[in-house]
Amino acid sequence: MRAKTKRVLEELKKEYPDAKCELNYETPFQLLVATIMSAQTTDVKVNEITDTLFVDYPDLESFSQISQEELENRIRTIGLYRNKAKNLLMMCKQLKENFGGEVPQTMEGISSLAGAGRKTANVVLSNAFGVPSIAVDTHVFRVSNRIGLANADNVLDTEMQLQKELPKKEWSLTHHLLIFHGRRCCVARKPKCSLCVINKDCNYYKEILKSEK
């Protein structure tokens, strides 16, 4: 691990000692459902829905009984809700038919499910099963490339570069640290660079300083 990467991690750990998954869940199945719903929407909005949804339909068996119309109505406040409802019900069917009703504990297994790509698989593997993983969402992609922990123009290359850059034991926590930083400081538009605890090690900030000279 480069000295720069080590400094960045140390500062982010101090800044966000409570960094963790911000989706609410009690089981691997609930996390899978919540993560599929979280695409192109916020964890806050998903939590508002699952706060009651998981009370009424807490597990695969009960969730499988929801009609598509009811599920659409329950999740209609999030983006792409019709497509997500369809995928969630298909995913339930696939879990029953292909995995004995259990959430698989492999990248291949989870990413074979409707609505669940590589990012979803990494989130579930890391948080539900303790498998070292780096889920590259929009925040991780933006922040890691701005800082210079990665230098890639797509999420898969970013994930591969971060895996090489970081010790495996740091993968899951770094994922959460980068998300927290992306939500609270290194936002997409008008990042709060002057307040950033790692601006001295950030390529993006150095470019801004150069342009101001």
# chains A, B, ... in the order shown; residues from 1 in each chain; ligands from 1

call {"tool": "residues_around", "arguments": {"residues": "region 185-198 of chain A", "least_positions_apart": "3", "cutoff": "10 Å", "atoms": "only C-alpha atoms", "output": "PyMOL selection string"}}
result
chain A and resi 4+7-12+14-15+138-139+142-143+146-147+178-182+201-202+204-205+208

call {"tool": "closest_atom_pairs", "arguments": {"of": "region 118-143 of chain A", "to": "region 33-46 of chain A", "cutoff": "8 Å", "atoms": "only C-alpha atoms", "output": "JSON lines"}}
result
{"residue": "A:Thr120", "atom": "CA", "partner": "A:Thr35", "partner_atom": "CA", "distance": 6.0}
{"residue": "A:Val123", "atom": "CA", "partner": "A:Thr35", "partner_atom": "CA", "distance": 7.5}
{"residue": "A:Val124", "atom": "CA", "partner": "A:Thr35", "partner_atom": "CA", "distance": 7.9}

call {"tool": "select_by_dssp", "arguments": {"residues": "region 35-192 of chain A", "states": "alpha helix (DSSP H)", "output": "VMD selection string"}}
result
chain A and resid 35 to 37 43 to 56 60 to 63 68 to 75 81 to 99 107 to 111 118 to 129 138 to 147 155 to 165 171 to 184

call {"tool": "closest_residue", "arguments": {"among": "A:Lys210, A:Lys20, A:Arg2, A:Arg74", "to": "Thr52 (chain A)", "atoms": "only C-alpha atoms"}}
result
A:Arg74

call {"tool": "residues_around", "arguments": {"residues": "Thr50 (chain A)", "least_positions_apart": "5", "cutoff": "9 Å", "atoms": "only C-alpha atoms", "output": "list in words"}}
result
Asn24, Tyr25, Gln30, Ala34, Lys45, Val55 and Ile75 of chain A

call {"tool": "atom_distance", "arguments": {"atom1": "CA of His176 (chain A)", "atom2": "CA of Phe54 (chain A)"}}
result
23.7 Å

call {"tool": "atom_distance", "arguments": {"atom1": "CA of Ala135 (chain A)", "atom2": "CA of Gly79 (chain A)"}}
result
20.4 Å

call {"tool": "atom_distance", "arguments": {"atom1": "CA of Val103 (chain A)", "atom2": "CA of Phe63 (chain A)"}}
result
13.9 Å

call {"tool": "residues_around", "arguments": {"residues": "Gly130 (chain A)", "least_positions_apart": "4", "cutoff": "12 Å", "atoms": "only C-alpha atoms", "output": "PDB file with N, CA, C and O atoms, in the first residue's frame"}}
result
ATOM      1  N   PRO A  28     -29.577 -11.615   5.556  1.00  0.00           N
ATOM      2  CA  PRO A  28     -29.016 -11.492   4.204  1.00  0.00           C
ATOM      3  C   PRO A  28     -30.091 -11.246   3.143  1.00  0.00           C
ATOM      4  O   PRO A  28     -29.879 -10.458   2.214  1.00  0.00           O
ATOM      5  N   GLN A 105     -23.692 -17.328  -1.274  1.00  0.00           N
ATOM      6  CA  GLN A 105     -22.559 -16.606  -0.685  1.00  0.00           C
ATOM      7  C   GLN A 105     -21.393 -16.485  -1.662  1.00  0.00           C
ATOM      8  O   GLN A 105     -20.226 -16.475  -1.272  1.00  0.00           O
ATOM      9  N   THR A 106     -21.719 -16.399  -2.945  1.00  0.00           N
ATOM     10  CA  THR A 106     -20.683 -16.215  -3.969  1.00  0.00           C
ATOM     11  C   THR A 106     -21.073 -15.069  -4.901  1.00  0.00           C
ATOM     12  O   THR A 106     -22.268 -14.776  -5.083  1.00  0.00           O
ATOM     13  N   ASN A 122     -21.346  -7.506  -4.135  1.00  0.00           N
ATOM     14  CA  ASN A 122     -20.282  -7.079  -3.220  1.00  0.00           C
ATOM     15  C   ASN A 122     -20.850  -6.536  -1.909  1.00  0.00           C
ATOM     16  O   ASN A 122     -20.302  -6.806  -0.833  1.00  0.00           O
ATOM     17  N   VAL A 123     -21.939  -5.776  -1.983  1.00  0.00           N
ATOM     18  CA  VAL A 123     -22.561  -5.237  -0.767  1.00  0.00           C
ATOM     19  C   VAL A 123     -23.030  -6.377   0.137  1.00  0.00           C
ATOM     20  O   VAL A 123     -22.780  -6.384   1.347  1.00  0.00           O
ATOM     21  N   VAL A 124     -23.722  -7.354  -0.448  1.00  0.00           N
ATOM     22  CA  VAL A 124     -24.262  -8.466   0.333  1.00  0.00           C
ATOM     23  C   VAL A 124     -23.144  -9.349   0.879  1.00  0.00           C
ATOM     24  O   VAL A 124     -23.150  -9.735   2.054  1.00  0.00           O
ATOM     25  N   LEU A 125     -22.165  -9.665   0.043  1.00  0.00           N
ATOM     26  CA  LEU A 125     -21.047 -10.508   0.488  1.00  0.00           C
ATOM     27  C   LEU A 125     -20.315  -9.867   1.658  1.00  0.00           C
ATOM     28  O   LEU A 125     -20.003 -10.519   2.654  1.00  0.00           O
ATOM     29  N   SER A 126     -20.068  -8.575   1.539  1.00  0.00           N
ATOM     30  CA  SER A 126     -19.308  -7.867   2.565  1.00  0.00           C
ATOM     31  C   SER A 126     -20.090  -7.730   3.863  1.00  0.00           C
ATOM     32  O   SER A 126     -19.601  -8.082   4.946  1.00  0.00           O
ATOM     33  N   ILE A 134     -15.226  -4.828  -2.300  1.00  0.00           N
ATOM     34  CA  ILE A 134     -15.318  -3.389  -2.549  1.00  0.00           C
ATOM     35  C   ILE A 134     -16.440  -3.167  -3.556  1.00  0.00           C
ATOM     36  O   ILE A 134     -16.281  -3.440  -4.741  1.00  0.00           O
ATOM     37  N   LYS A 168      -6.382  -6.702   1.550  1.00  0.00           N
ATOM     38  CA  LYS A 168      -7.714  -7.323   1.519  1.00  0.00           C
ATOM     39  C   LYS A 168      -8.523  -7.025   2.783  1.00  0.00           C
ATOM     40  O   LYS A 168      -9.734  -6.807   2.724  1.00  0.00           O
ATOM     41  N   LYS A 169      -7.836  -6.988   3.924  1.00  0.00           N
ATOM     42  CA  LYS A 169      -8.540  -6.760   5.199  1.00  0.00           C
ATOM     43  C   LYS A 169      -9.151  -5.361   5.268  1.00  0.00           C
ATOM     44  O   LYS A 169     -10.029  -5.097   6.093  1.00  0.00           O
ATOM     45  N   GLU A 170      -8.707  -4.441   4.389  1.00  0.00           N
ATOM     46  CA  GLU A 170      -9.216  -3.065   4.391  1.00  0.00           C
ATOM     47  C   GLU A 170     -10.315  -2.841   3.354  1.00  0.00           C
ATOM     48  O   GLU A 170     -10.919  -1.764   3.316  1.00  0.00           O
ATOM     49  N   TRP A 171     -10.587  -3.825   2.513  1.00  0.00           N
ATOM     50  CA  TRP A 171     -11.510  -3.612   1.399  1.00  0.00           C
ATOM     51  C   TRP A 171     -12.880  -3.132   1.861  1.00  0.00           C
ATOM     52  O   TRP A 171     -13.386  -2.119   1.395  1.00  0.00           O
ATOM     53  N   SER A 172     -13.507  -3.890   2.755  1.00  0.00           N
ATOM     54  CA  SER A 172     -14.894  -3.595   3.129  1.00  0.00           C
ATOM     55  C   SER A 172     -15.023  -2.250   3.846  1.00  0.00           C
ATOM     56  O   SER A 172     -15.925  -1.455   3.552  1.00  0.00           O
ATOM     57  N   LEU A 173     -14.108  -1.983   4.785  1.00  0.00           N
ATOM     58  CA  LEU A 173     -14.171  -0.711   5.510  1.00  0.00           C
ATOM     59  C   LEU A 173     -13.902   0.467   4.576  1.00  0.00           C
ATOM     60  O   LEU A 173     -14.568   1.504   4.665  1.00  0.00           O
TER      61      LEU A 173
END

call {"tool": "closest_residue", "arguments": {"among": "A:Ile66, A:Ile49, A:Ala128, A:Leu89", "to": "Leu31 (chain A)", "atoms": "only C-alpha atoms"}}
result
A:Ala128
